[in-house]
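K.L.:
Could you have a look at this structure, given as structure tokens, before my questions?
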Amino acid sequence: MALPTFYKQYPSLTLAEIAASTKARLVDADRADHVITGVASLDEAGPHHLAFFENVRYADQLARTQAGAVLISEGFKGEIPAHVAVLRARQPFAAFVGLATAFHADALRPASGFDVTGISEQAIIHPTAQLEDDVTVDPLAVIGPDVEIGSGTIIGSGAVIAAGVKIGRDCNIGAGSVLQFTLIGNNVLVHPGCKFGQDGFGFVFGRDRHIKVPQTGRVLIQNDVEVGAGTTIDRGSLRDTVVGEGTKIDNQVQIGHNVTIGRHCVIAAKCGLAGSLTIGDNVALGAMVGLNNHITIGDGAQVAAMAGVKDSIPPRGRWGGIFARPTKQWFREILAVEKLARETAPGADTDKLDTKDERE
């Protein structure tokens, strides 16, 4: 059985064409006619693959690579195998991504899972729903009353678009996703299994019973947002839950009710955002960050992976740890604890402890 690749056949380009496309400098002009048929990592590339090198930690892979050509920085002075054609670029990875995009344009956004266009006969669409031209709806999708969907949008198999949901143009709603009480802008990618607009976790807690608080807000997703598989975004209670323009959210993120996320943020996998918090523009959250409710994360702030944040973070702050604090303070504390552990370990000579440290 042939090995499936799931993507279209690579186009073939010469190194001269690649150099022109990426604005890179081909060091050996005699190799200009060498043909490249695809892209690959250093350790898996073959004679007709292009790879890139930008991190010295992978110098061993560069030394052993079988790639036909490598994009590499102008300033790199290390050893490069003689059989590898060298393309010098100002930003090797960015140039590589540009070429990979040309090779794999079909991998950038999901297509119909059934390779169809138009409305499947196996989809269920309420007669009051309004779908513009060039909408694709895969089998077993369900579209409710008064839904509006813009042209170029693809609704995946098994997706449920509940009453009144509005979806803009050129969007992708992944298979098995459920959207309710949600308004979505243009060019939004929602990967499979996402759930938007369900109740937020709102209760008046008591000893004998917990009284549910009505959740009457919406979810607003602005233009150019991408949301990873399995992510959940609760609708607001008193105000809307908002995800700002250009923000990218990884898989399995939980966003609570009334959360406001600014523009062009990056939120990595398995983050948990408690209700009624505010995140500014250009914020980056590492994987598994947990944010307390009713706090503010300032514009441009960065939070290290697995941090637990209970207090607001100022703009451009760099925080990490549990509970999170500025990274310089966090690192100093880690080093101090490690030093203390070494000095008090069984067999350590406690008589030789640094007296200066003791005074501090």
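Going by the structure tokens order, chains are called A, B, ..., each with residues numbered from 1, while ligands are numbered from 1 in the order shown.
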Quick one: residues within 10 Å of Gly246 (chain A), only C-alpha atoms, excluding same-chain residues fewer than 4 positions away - as number ranges by chain?
P.N.:
A: 187-188, 221-226, 262-266, 281-282
K.L.:
When you look at Thr216 (chain A) with a cut-off of 7 Å (counting only C-alpha atoms), what residues show up, excluding the ones that are within fewer than 4 positions of it in the same chain? I need them as a PyMOL selection string.
P.N.:
chain A and resi 236-238
K.L.:
As a count of residues only, which residues of region 246-284 of chain A does DSSP assign to strand (DSSP E or B)?
P.N.:
13
K.L.:
Please identify which residues in region 228-331 of chain A DSSP calls helix (DSSP H, G or I) from the backbone, and express them as a VMD selection string.
P.N.:
chain A and resid 327 to 331
K.L.:
So that I can see what lies close to region 17-23 of chain A, please list as a list in words the residues with an atom at most 9 Å from it, counting only C-alpha atoms and leaving out residues fewer than 4 positions away in the same chain.
P.N.:
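Counting only the stated atoms, we get Leu13, Ala32, Asp33, Ile36, Leu87, Arg88, Ala89, Arg90, Ala94, Ala95, Phe96, Gly98 and Leu99 of chain A.
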K.L.:
If you count only C-alpha atoms, which residues fall within 9 Å of Ala59 (chain A), apart from same-chain ones fewer than 6 positions away, as an MDAnalysis selection string?
P.N.:
chainID A and resid 53 78:79
K.L.:
In Å, rounded to a single decimal, give me how far CA of Ser12 (chain A) is from CA of Asp170 (chain A).
P.N.:
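We find that CA of Asp170 (chain A) and CA of Ser12 (chain A) lie 29.1 Å from each other.
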K.L.:
Pick out the residues sitting within 8 Å of Arg169 (chain A), and hand them over as a list in words; count only C-alpha atoms, and ignore anything fewer than 4 positions along from it in its own chain.
P.N.:
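After dropping sequence-adjacent residues, the list is Ile149, Gly150, Ser151, Gly152, Thr153, Gly185, Asn186 and Asn187 of chain A.
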K.L.:
Quick one: of A:Val178, A:Ala40, A:Val142, A:Ala16, who's nearest to Phe103 (chain A), counting only C-alpha atoms?
P.N.:
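That would be A:Ala40, the residue with the smallest distance to Phe103 (chain A).
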K.L.:
Using only C-alpha atoms, which residues sit within 12 Å of Ile267 (chain A) once same-chain residues fewer than 3 positions away are excluded, as a PyMOL selection string?
P.N.:
chain A and resi 225-228+231+243+246-255+261-264+270-273+279+281-291+301-305
K.L.:
Work out how far CA of Ala269 (chain A) is from CA of Leu42 (chain A), in Å to one decimal.
P.N.:
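Atom-to-atom, CA of Leu42 (chain A) to CA of Ala269 (chain A), that is 26.3 Å.
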K.L.:
Which residues, written as an MDAnalysis selection string, have at least one atom at most 10 Å from region 172-176 of chain A, with only C-alpha atoms counted and residues fewer than 5 positions away on the same chain left out?
P.N.:
chainID A and resid 109:113 136:141 152:161 167 186:195 226:230
